[in-house]
$ cat my_file21.pdb   # PDB, C-alpha atoms
ATOM      1  CA  ALA A  62      73.371 137.578  61.714
ATOM      2  CA  ALA A  63      76.327 135.403  60.777
ATOM      3  CA  GLY A  64      75.186 132.744  63.230
ATOM      4  CA  TRP A  65      71.622 132.657  61.862
ATOM      5  CA  LEU A  66      72.623 132.762  58.193
ATOM      6  CA  THR A  67      75.361 130.143  58.322
ATOM      7  CA  GLU A  68      73.154 127.636  60.124
ATOM      8  CA  TYR A  69      70.211 128.276  57.780
ATOM      9  CA  VAL A  70      72.372 127.725  54.693
ATOM     10  CA  ARG A  71      74.032 124.678  56.245
ATOM     11  CA  GLN A  72      70.619 123.129  56.920
ATOM     12  CA  LEU A  73      69.864 123.520  53.200
ATOM     13  CA  GLY A  74      72.820 121.260  52.430
ATOM     14  CA  HIS A  75      75.473 123.837  51.531
ATOM     15  CA  GLU A  76      79.024 123.852  52.831
ATOM     16  CA  VAL A  77      79.726 127.059  54.745
ATOM     17  CA  SER A  78      82.943 128.670  55.931
ATOM     18  CA  LEU A  79      83.276 131.898  57.909
ATOM     19  CA  ILE A  80      85.951 134.593  57.708
ATOM     20  CA  ASP A  81      85.593 137.361  60.295
ATOM     21  CA  PHE A  82      87.999 140.046  59.103
ATOM     22  CA  ASN A  83      86.653 142.382  61.766
ATOM     23  CA  ALA A  84      88.033 140.166  64.534
ATOM     24  CA  GLU A  85      91.080 138.902  62.656
ATOM     25  CA  LEU A  86      92.379 142.345  61.674
ATOM     26  CA  TYR A  87      91.695 143.708  65.155
ATOM     27  CA  LYS A  88      94.013 141.046  66.577
ATOM     28  CA  ARG A  89      96.684 141.785  63.959
ATOM     29  CA  GLU A  90      96.513 145.581  64.210
ATOM     30  CA  GLU A  91      99.241 147.285  66.262
ATOM     31  CA  ARG A  92      98.736 151.005  65.461
ATOM     32  CA  PRO A  93      96.959 152.702  68.418
ATOM     33  CA  LEU A  94      94.993 155.201  66.311
ATOM     34  CA  VAL A  95      93.682 152.493  63.996
ATOM     35  CA  LYS A  96      92.827 150.121  66.828
ATOM     36  CA  ASP A  97      90.968 152.941  68.558
ATOM     37  CA  CYS A  98      88.420 152.957  65.716
ATOM     38  CA  TRP A  99      87.117 149.585  66.886
ATOM     39  CA  LEU A 100      87.038 150.642  70.523
ATOM     40  CA  ARG A 101      85.392 154.056  70.081
ATOM     41  CA  THR A 102      83.667 153.786  66.687
ATOM     42  CA  PHE A 103      85.730 155.994  64.370
ATOM     43  CA  VAL A 104      86.646 158.733  66.854
ATOM     44  CA  ALA A 105      90.313 158.658  65.794
ATOM     45  CA  MET A 106      89.649 158.731  62.019
ATOM     46  CA  THR A 107      86.843 158.505  59.482
ATOM     47  CA  PRO A 108      85.580 155.133  58.185
ATOM     48  CA  LEU A 109      87.190 155.916  54.816
ATOM     49  CA  ALA A 110      90.605 156.621  56.347
ATOM     50  CA  PHE A 111      90.210 153.562  58.574
ATOM     51  CA  THR A 112      89.637 151.293  55.565
ATOM     52  CA  HIS A 113      92.630 152.719  53.708
ATOM     53  CA  ALA A 114      94.783 152.191  56.800
ATOM     54  CA  LEU A 115      93.674 148.559  57.026
ATOM     55  CA  PHE A 116      94.381 147.783  53.379
ATOM     56  CA  GLU A 117      97.692 149.628  53.536
ATOM     57  CA  THR A 118      98.966 147.186  56.139
ATOM     58  CA  HIS A 119      96.843 144.055  55.854
ATOM     59  CA  GLU A 120      96.044 143.706  52.144
ATOM     60  CA  PRO A 121      98.438 140.730  51.676
ATOM     61  CA  TYR A 122      96.752 138.939  54.592
ATOM     62  CA  ILE A 123      93.232 139.697  53.311
ATOM     63  CA  ARG A 124      94.190 138.438  49.852
ATOM     64  CA  LYS A 125      95.757 135.286  51.310
ATOM     65  CA  ARG A 126      92.609 134.443  53.302
ATOM     66  CA  LEU A 127      90.333 134.990  50.312
ATOM     67  CA  ALA A 128      92.643 133.038  47.996
ATOM     68  CA  ALA A 129      92.526 130.083  50.374
ATOM     69  CA  ALA A 130      88.715 130.095  50.215
ATOM     70  CA  VAL A 131      88.841 130.197  46.413
ATOM     71  CA  ASP A 132      91.326 127.308  46.368
ATOM     72  CA  GLU A 133      88.948 125.312  48.565
ATOM     73  CA  GLY A 134      86.296 125.680  45.880
ATOM     74  CA  TYR A 135      84.055 128.411  47.302
ATOM     75  CA  ARG A 136      82.388 130.458  44.587
ATOM     76  CA  VAL A 137      79.651 132.324  46.491
ATOM     77  CA  PHE A 138      80.819 134.986  48.916
ATOM     78  CA  GLY A 139      78.350 136.664  51.265
ATOM     79  CA  VAL A 140      79.690 139.953  52.600
ATOM     80  CA  LEU A 141      78.294 142.263  55.272
ATOM     81  CA  LEU A 142      77.651 145.818  54.074
ATOM     82  CA  LEU A 143      77.354 148.468  56.787
ATOM     83  CA  ASP A 144      77.092 152.203  56.201
ATOM     84  CA  GLY A 145      80.526 152.777  57.692
ATOM     85  CA  GLY A 146      82.170 149.820  55.953
ATOM     86  CA  ALA A 147      81.181 150.399  52.326
ATOM     87  CA  ARG A 148      84.725 151.043  51.086
ATOM     88  CA  PHE A 149      86.070 147.917  52.798
ATOM     89  CA  THR A 150      83.270 145.792  51.325
ATOM     90  CA  GLY A 151      83.787 147.262  47.869
ATOM     91  CA  LEU A 152      87.546 146.702  47.856
ATOM     92  CA  MET A 153      87.143 143.163  49.178
ATOM     93  CA  SER A 154      84.516 142.333  46.534
ATOM     94  CA  SER A 155      86.883 143.508  43.792
ATOM     95  CA  MET A 156      89.646 141.357  45.241
ATOM     96  CA  ILE A 157      87.358 138.313  45.215
ATOM     97  CA  LYS A 158      86.617 138.909  41.518
ATOM     98  CA  GLU A 159      90.336 139.143  40.767
ATOM     99  CA  LEU A 160      90.915 135.798  42.437
ATOM    100  CA  ALA A 161      87.800 134.099  41.014
ATOM    101  CA  PRO A 162      86.119 135.921  38.100
ATOM    102  CA  ASP A 163      83.291 133.347  38.122
ATOM    103  CA  ALA A 164      82.469 133.952  41.804
ATOM    104  CA  HIS A 165      79.182 135.512  42.897
ATOM    105  CA  VAL A 166      79.462 138.232  45.543
ATOM    106  CA  VAL A 167      76.264 138.971  47.463
ATOM    107  CA  VAL A 168      76.038 141.664  50.136
ATOM    108  CA  GLY A 169      73.489 142.211  52.885
ATOM    109  CA  GLY A 170      73.072 144.247  56.029
ATOM    110  CA  THR A 171      71.871 147.664  57.076
ATOM    111  CA  GLY A 172      74.044 149.462  54.507
ATOM    112  CA  ALA A 173      72.325 147.825  51.543
ATOM    113  CA  THR A 174      68.815 148.212  52.948
ATOM    114  CA  SER A 175      69.194 151.822  54.110
ATOM    115  CA  LEU A 176      70.555 152.773  50.684
ATOM    116  CA  TYR A 177      67.491 151.291  48.979
ATOM    117  CA  ARG A 178      65.079 152.970  51.400
ATOM    118  CA  LEU A 179      66.718 156.338  50.766
ATOM    119  CA  ARG A 180      66.627 155.909  47.002
ATOM    120  CA  ARG A 181      62.979 154.895  47.096
ATOM    121  CA  ARG A 182      62.085 157.820  49.310
ATOM    122  CA  TYR A 183      63.648 160.315  46.910
ATOM    123  CA  LYS A 184      62.386 158.476  43.801
ATOM    124  CA  GLY A 185      65.785 157.588  42.372
ATOM    125  CA  THR A 186      67.480 160.939  42.969
ATOM    126  CA  PRO A 187      68.589 160.712  46.592
ATOM    127  CA  PRO A 188      71.072 163.104  48.222
ATOM    128  CA  LEU A 189      74.595 161.953  47.546
ATOM    129  CA  ASP A 190      75.773 162.079  51.156
ATOM    130  CA  HIS A 191      74.715 158.527  52.031
ATOM    131  CA  PRO A 192      77.861 156.642  53.216
ATOM    132  CA  VAL A 193      77.390 153.843  50.700
ATOM    133  CA  GLU A 194      76.836 156.308  47.830
ATOM    134  CA  LEU A 195      79.987 158.164  48.859
ATOM    135  CA  GLU A 196      82.392 155.378  49.727
ATOM    136  CA  LEU A 197      81.495 152.323  47.626
ATOM    137  CA  PRO A 198      84.026 152.154  44.761
ATOM    138  CA  ALA A 199      82.466 152.365  41.308
ATOM    139  CA  ASP A 200      84.446 149.311  40.174
ATOM    140  CA  HIS A 201      83.252 147.082  43.036
ATOM    141  CA  GLY A 202      82.636 143.385  42.422
ATOM    142  CA  ILE A 203      79.173 143.101  44.006
ATOM    143  CA  ASP A 204      76.722 140.990  41.981
ATOM    144  CA  SER A 205      73.579 141.105  44.145
ATOM    145  CA  TRP A 206      72.124 142.842  47.179
ATOM    146  CA  VAL A 207      69.980 141.176  49.850
ATOM    147  CA  LEU A 208      67.618 143.696  51.421
ATOM    148  CA  GLY A 209      66.073 143.059  54.837
ATOM    149  CA  GLU A 210      66.101 139.632  56.449
ATOM    150  CA  GLY A 211      68.466 137.384  54.590
ATOM    151  CA  GLU A 212      67.701 133.734  55.320
ATOM    152  CA  GLU A 213      65.012 132.930  52.748
ATOM    153  CA  THR A 214      66.406 135.273  50.093
ATOM    154  CA  LEU A 215      69.899 133.820  50.413
ATOM    155  CA  GLY A 216      68.511 130.294  50.274
ATOM    156  CA  GLU A 217      66.698 130.989  46.992
ATOM    157  CA  LEU A 218      69.765 132.706  45.551
ATOM    158  CA  LEU A 219      71.986 129.711  46.268
ATOM    159  CA  ALA A 220      69.431 127.321  44.768
ATOM    160  CA  LYS A 221      69.273 129.306  41.525
ATOM    161  CA  LEU A 222      73.036 129.676  41.308
ATOM    162  CA  GLU A 223      73.426 125.921  41.804
ATOM    163  CA  ARG A 224      70.931 125.243  38.995
ATOM    164  CA  LYS A 225      72.471 128.031  36.855
ATOM    165  CA  GLU A 226      69.100 129.719  36.519
ATOM    166  CA  PRO A 227      68.443 133.451  36.003
ATOM    167  CA  LEU A 228      68.256 135.373  39.259
ATOM    168  CA  ASP A 229      65.273 137.478  38.233
ATOM    169  CA  GLY A 230      62.201 137.293  40.434
ATOM    170  CA  ILE A 231      63.813 136.493  43.780
ATOM    171  CA  ARG A 232      61.997 138.619  46.327
ATOM    172  CA  GLY A 233      64.370 140.533  48.577
ATOM    173  CA  LEU A 234      67.212 140.469  46.023
ATOM    174  CA  ALA A 235      68.447 143.333  43.839
ATOM    175  CA  ILE A 236      70.852 142.469  41.039
ATOM    176  CA  THR A 237      71.727 145.853  39.537
ATOM    177  CA  LYS A 238      75.388 146.881  39.385
ATOM    178  CA  SER A 239      74.648 150.372  40.712
ATOM    179  CA  GLY A 240      72.876 149.027  43.770
ATOM    180  CA  PRO A 241      69.270 148.465  44.819
ATOM    181  CA  LEU A 242      66.815 150.504  42.772
ATOM    182  CA  ALA A 243      63.038 150.505  42.321
ATOM    183  CA  PRO A 244      61.137 148.651  41.016
ATOM    184  CA  PHE A 245      62.100 145.967  43.470
ATOM    185  CA  LYS A 246      60.087 143.088  44.902
ATOM    186  CA  GLU A 247      60.292 143.178  48.671
ATOM    187  CA  ARG A 248      60.079 139.968  50.666
ATOM    188  CA  SER A 249      57.568 139.524  53.460
ATOM    189  CA  LEU A 250      58.949 139.274  56.957
ATOM    190  CA  ILE A 251      59.515 135.842  58.455
ATOM    191  CA  LYS A 252      56.520 135.688  60.777
ATOM    192  CA  ASP A 253      57.493 132.662  62.843
ATOM    193  CA  LEU A 254      61.155 132.934  63.835
ATOM    194  CA  SER A 255      60.905 129.545  65.527
ATOM    195  CA  GLN A 256      60.800 127.922  62.080
ATOM    196  CA  LEU A 257      64.427 128.949  61.529
ATOM    197  CA  PRO A 258      67.279 126.763  62.784
ATOM    198  CA  HIS A 259      68.959 128.534  65.673
ATOM    199  CA  PRO A 260      72.652 129.481  65.533
ATOM    200  CA  THR A 261      75.120 126.814  66.633
ATOM    201  CA  TYR A 262      78.383 128.700  65.870
ATOM    202  CA  GLU A 263      79.899 125.516  64.474
ATOM    203  CA  GLY A 264      82.915 126.521  62.393
ATOM    204  CA  PHE A 265      83.367 129.825  64.241
ATOM    205  CA  ASP A 266      86.747 130.465  65.840
ATOM    206  CA  LEU A 267      85.428 131.669  69.194
ATOM    207  CA  ASP A 268      88.984 132.183  70.478
ATOM    208  CA  LEU A 269      89.157 135.244  68.220
ATOM    209  CA  TYR A 270      86.819 137.211  70.412
ATOM    210  CA  LYS A 271      87.680 139.321  73.419
ATOM    211  CA  TYR A 272      84.706 138.343  75.574
ATOM    212  CA  SER A 273      83.466 134.896  76.523
ATOM    213  CA  ALA A 274      79.803 135.901  76.068
ATOM    214  CA  LEU A 275      77.807 134.791  73.026
ATOM    215  CA  PRO A 276      75.183 136.829  71.158
ATOM    216  CA  PHE A 277      71.555 135.784  71.418
ATOM    217  CA  GLN A 278      68.379 137.048  69.758
ATOM    218  CA  LEU A 279      64.953 136.684  71.368
ATOM    219  CA  SER A 280      63.115 139.037  68.997
ATOM    220  CA  ARG A 281      63.526 140.903  65.740
ATOM    221  CA  GLY A 282      62.383 144.378  64.834
ATOM    222  CA  CYS A 283      61.126 147.296  66.862
ATOM    223  CA  ALA A 284      57.676 147.268  68.450
ATOM    224  CA  PHE A 285      57.483 151.056  68.361
ATOM    225  CA  GLY A 286      59.110 152.369  65.159
ATOM    226  CA  ARG A 287      58.142 156.010  65.690
ATOM    227  CA  CYS A 288      61.567 157.586  66.112
ATOM    228  CA  SER A 289      62.318 159.923  63.223
ATOM    229  CA  HIS A 290      66.057 159.846  63.920
ATOM    230  CA  CYS A 291      66.389 156.047  63.841
ATOM    231  CA  SER A 292      68.704 154.812  61.077
ATOM    232  CA  LEU A 293      67.501 151.222  61.522
ATOM    233  CA  LYS A 294      63.768 151.852  61.182
ATOM    234  CA  GLY A 295      63.657 150.838  57.529
ATOM    235  CA  TYR A 296      65.698 147.699  58.101
ATOM    236  CA  TYR A 297      63.993 146.267  61.174
ATOM    237  CA  ARG A 298      60.358 146.486  60.133
ATOM    238  CA  GLY A 299      57.779 144.725  62.279
ATOM    239  CA  TYR A 300      58.271 143.190  65.704
ATOM    240  CA  ARG A 301      58.314 139.429  66.229
ATOM    241  CA  MET A 302      59.313 137.436  69.297
ATOM    242  CA  ARG A 303      60.437 133.830  69.199
ATOM    243  CA  ASP A 304      58.528 131.066  70.909
ATOM    244  CA  PRO A 305      60.023 130.784  74.426
ATOM    245  CA  GLU A 306      60.629 127.035  74.056
ATOM    246  CA  HIS A 307      62.602 127.561  70.838
ATOM    247  CA  ALA A 308      64.693 130.284  72.463
ATOM    248  CA  LEU A 309      65.347 128.222  75.606
ATOM    249  CA  ALA A 310      66.428 125.243  73.501
ATOM    250  CA  GLU A 311      69.083 127.399  71.839
ATOM    251  CA  LEU A 312      70.411 128.629  75.167
ATOM    252  CA  GLU A 313      70.535 125.078  76.533
ATOM    253  CA  TYR A 314      72.438 123.910  73.461
ATOM    254  CA  LEU A 315      74.979 126.742  73.636
ATOM    255  CA  VAL A 316      75.571 126.255  77.376
ATOM    256  CA  LYS A 317      76.197 122.520  76.907
ATOM    257  CA  ARG A 318      78.236 122.923  73.711
ATOM    258  CA  TYR A 319      80.530 125.771  74.753
ATOM    259  CA  GLY A 320      80.160 126.088  78.517
ATOM    260  CA  VAL A 321      79.147 129.726  78.092
ATOM    261  CA  ARG A 322      76.900 131.237  80.745
ATOM    262  CA  GLU A 323      76.849 134.901  79.649
ATOM    263  CA  PHE A 324      74.796 136.183  76.714
ATOM    264  CA  HIS A 325      74.452 139.578  75.080
ATOM    265  CA  PHE A 326      70.970 139.884  73.593
ATOM    266  CA  THR A 327      71.015 141.690  70.247
ATOM    267  CA  ASP A 328      67.320 142.674  70.356
ATOM    268  CA  LEU A 329      66.509 146.306  69.642
ATOM    269  CA  SER A 330      63.835 146.143  72.350
ATOM    270  CA  VAL A 331      63.553 142.877  74.242
ATOM    271  CA  ASN A 332      60.451 144.246  75.993
ATOM    272  CA  GLY A 333      58.427 144.814  72.833
ATOM    273  CA  ASP A 334      56.112 141.934  73.827
ATOM    274  CA  LEU A 335      55.769 141.886  77.601
ATOM    275  CA  GLU A 336      53.762 138.646  77.719
ATOM    276  CA  GLY A 337      56.340 136.877  75.582
ATOM    277  CA  LEU A 338      59.200 138.279  77.663
ATOM    278  CA  GLU A 339      57.527 137.110  80.884
ATOM    279  CA  ALA A 340      56.994 133.603  79.469
ATOM    280  CA  PHE A 341      60.668 133.468  78.462
ATOM    281  CA  CYS A 342      61.784 134.591  81.929
ATOM    282  CA  ASP A 343      59.445 132.040  83.545
ATOM    283  CA  GLY A 344      61.098 129.322  81.474
ATOM    284  CA  LEU A 345      64.588 130.390  82.572
ATOM    285  CA  ILE A 346      63.533 130.517  86.223
ATOM    286  CA  LYS A 347      61.739 127.153  86.247
ATOM    287  CA  LYS A 348      63.994 124.961  84.127
ATOM    288  CA  GLY A 349      67.020 127.013  83.107
ATOM    289  CA  PRO A 350      69.644 126.969  81.917
ATOM    290  CA  ALA A 351      71.199 129.244  84.537
ATOM    291  CA  ILE A 352      72.663 132.177  82.636
ATOM    292  CA  GLN A 353      73.454 135.869  82.927
ATOM    293  CA  TRP A 354      72.180 138.181  80.213
ATOM    294  CA  GLN A 355      71.780 141.801  79.172
ATOM    295  CA  SER A 356      69.762 143.544  76.492
ATOM    296  CA  PHE A 357      68.449 146.782  75.044
ATOM    297  CA  VAL A 358      64.954 147.881  76.024
ATOM    298  CA  GLN A 359      62.456 150.616  75.272
ATOM    299  CA  ILE A 360      61.372 152.832  78.152
ATOM    300  CA  ARG A 361      57.853 151.672  79.053
ATOM    301  CA  GLY A 362      55.565 152.709  81.870
ATOM    302  CA  ASP A 363      53.701 149.397  81.904
ATOM    303  CA  MET A 364      56.625 147.239  83.051
ATOM    304  CA  THR A 365      55.395 146.204  86.495
ATOM    305  CA  PRO A 366      57.597 145.544  89.534
ATOM    306  CA  ARG A 367      56.463 141.911  89.305
ATOM    307  CA  LEU A 368      57.792 141.577  85.755
ATOM    308  CA  LEU A 369      61.021 143.389  86.599
ATOM    309  CA  GLU A 370      61.562 140.989  89.507
ATOM    310  CA  LYS A 371      61.159 138.025  87.170
ATOM    311  CA  ILE A 372      63.618 139.564  84.715
ATOM    312  CA  VAL A 373      66.220 139.847  87.467
ATOM    313  CA  ARG A 374      65.538 136.313  88.732
ATOM    314  CA  SER A 375      65.994 134.940  85.206
ATOM    315  CA  GLY A 376      69.600 136.145  85.213
ATOM    316  CA  CYS A 377      69.344 139.619  83.688
ATOM    317  CA  ARG A 378      72.172 141.905  84.833
ATOM    318  CA  SER A 379      71.648 144.951  82.615
ATOM    319  CA  LEU A 380      68.862 146.616  80.615
ATOM    320  CA  ARG A 381      69.984 149.549  78.499
ATOM    321  CA  THR A 382      68.419 152.100  76.200
ATOM    322  CA  GLU A 383      70.181 153.561  73.200
ATOM    323  CA  ALA A 384      69.448 156.831  71.411
ATOM    324  CA  ARG A 385      68.784 155.205  68.074
ATOM    325  CA  VAL A 386      66.104 152.908  69.465
ATOM    326  CA  CYS A 387      64.516 154.967  72.246
ATOM    327  CA  SER A 388      60.817 155.684  71.868
ATOM    328  CA  THR A 389      59.870 159.320  72.184
ATOM    329  CA  SER A 390      56.107 158.747  72.578
TER
END
$ encode --input "my_file21.pdb" --output "structure tokens"
Amino acid sequence: AAGWLTEYVRQLGHEVSLIDFNAELYKREERPLVKDCWLRTFVAMTPLAFTHALFETHEPYIRKRLAAAVDEGYRVFGVLLLDGGARFTGLMSSMIKELAPDAHVVVGGTGATSLYRLRRRYKGTPPLDHPVELELPADHGIDSWVLGEGEETLGELLAKLERKEPLDGIRGLAITKSGPLAPFKERSLIKDLSQLPHPTYEGFDLDLYKYSALPFQLSRGCAFGRCSHCSLKGYYRGYRMRDPEHALAELEYLVKRYGVREFHFTDLSVNGDLEGLEAFCDGLIKKGPAIQWQSFVQIRGDMTPRLLEKIVRSGCRSLRTEARVCSTS
């Protein structure tokens, strides 16, 4: 998401800088139990205890990094909000407001969207055990919430902030202090993903990351959407696959720019559109670039041996299912 959003905003003429506290604090952390939370997703401690442990040790560093951004003139801060990271996001947003009271803090991600879906489902009186409801500090510094896909909503928000116009009426944006509540104007999905500028990762410190692979997205959404247990169903509505030529152009750029040959596809189900997947694989086989890749898939009985052979020939080394995205049809 960071790759897509930063490039989209940059193409609109805005200056963008990225701080990845997730990677930076992982490199700085020396306590085994705390570091284990990244490796095994909160097995050693709860997300709340994890956040408190991070701020206990790294708060001066976090404040220093944010202060540097404020000193450079940045006044809009976009922060990722995940269900398990609500306390971290809330504390960081408050710190931003301390450093720059005139700053605008906008959050997006599955945490914001899942909270809205739950509140809408229960008509404003949802159960109070949602992670964001539980862990987001009441005195947070969040000014607005982007729900669903963020590119177009974020672009409109920045335009209105630049013109100092009221933020009312932006589809996909909630501006209530207590979080996203109905009534709320949802934004239509971006139908043609090929109209978006692809990620370039310019300005990213790629040396921060443990693996040399880069993320890549061929499609958005889930083509099935029938799993009652899926926590992402409300966020990833509708399935859309990119035009193969647009996707291949991104891969060619990234291979030439960074010399990377391994890619981790972030699709929930790369096989949601079998014709589109086959056309993409044909493009990789016929004109490259030569890469290795892996992705999540849905279990489907109509994936023929011929298609599977093409997938392997295109450089695929792993297709995996995951409980939260598996179809149970």
$ axis_aligned_box --input "my_file21.pdb" --around "range 325-339 of chain A" --padding-each-side "4 Å" --output "AutoDock Vina command-line options"
--center_x 64.1 --center_y 141.6 --center_z 75.3 --size_x 28.7 --size_y 17.4 --size_z 19.2
$ residues_around --input "my_file21.pdb" --residues "Pro162 in chain A" --least-positions-apart "2" --cutoff "12 Å" --atoms "only C-alpha atoms" --output "short mmCIF file (atom, residue, chain, number, x, y, z; two decimals) with C-alpha atoms, in the frame of the given file"
data_model
loop_
_atom_site.label_atom_id
_atom_site.label_comp_id
_atom_site.auth_asym_id
_atom_site.auth_seq_id
_atom_site.Cartn_x
_atom_site.Cartn_y
_atom_site.Cartn_z
CA VAL A 131 88.84 130.20 46.41
CA ARG A 136 82.39 130.46 44.59
CA VAL A 137 79.65 132.32 46.49
CA SER A 154 84.52 142.33 46.53
CA SER A 155 86.88 143.51 43.79
CA MET A 156 89.65 141.36 45.24
CA ILE A 157 87.36 138.31 45.22
CA LYS A 158 86.62 138.91 41.52
CA GLU A 159 90.34 139.14 40.77
CA LEU A 160 90.92 135.80 42.44
CA ALA A 164 82.47 133.95 41.80
CA HIS A 165 79.18 135.51 42.90
CA VAL A 166 79.46 138.23 45.54
CA GLY A 202 82.64 143.38 42.42
CA ILE A 203 79.17 143.10 44.01
CA ASP A 204 76.72 140.99 41.98
#
$ resolve_selection --input "my_file21.pdb" --expression "the PyMOL selection byres ((chain A and resi 305) around 9)" --output "list in words"
Leu279, Met302, Arg303, Asp304, Glu306, His307, Ala308, Leu309, Ala310, Gly337, Leu338, Ala340, Phe341, Cys342 and Gly344 of chain A
$ resolve_selection --input "my_file21.pdb" --expression "the PyMOL selection byres ((chain A and resi 196-198) around 12)" --output "ChimeraX atom specification"
/A:107-113,142-155,172-173,176,189-195,199-203,238-240
$ closest_residue --input "my_file21.pdb" --among "A:Gln256, A:Gly134, A:Glu339, A:Arg181" --to "Glu76 in chain A" --atoms "all atoms listed in the file"
A:Gly134
$ closest_residue --input "my_file21.pdb" --among "A:Gly320, A:Gly216, A:Gly299, A:Gly139" --to "His75 in chain A" --atoms "all atoms listed in the file"
A:Gly216
$ resolve_selection --input "my_file21.pdb" --expression "the PyMOL selection byres ((chain A and resi 211) around 12)" --output "number ranges by chain"
A: 62-67, 69-70, 139-141, 167-171, 173-174, 206-210, 212-219, 231-234, 247-251, 257, 296-297
$ closest_residue --input "my_file21.pdb" --among "A:Lys88, A:Lys184, A:His325, A:Lys125" --to "Ser379 in chain A" --atoms "only C-alpha atoms"
A:His325
$ closest_residue --input "my_file21.pdb" --among "A:Arg322, A:Arg178, A:Lys96, A:Arg126" --to "Ala351 in chain A" --atoms "only C-alpha atoms"
A:Arg322
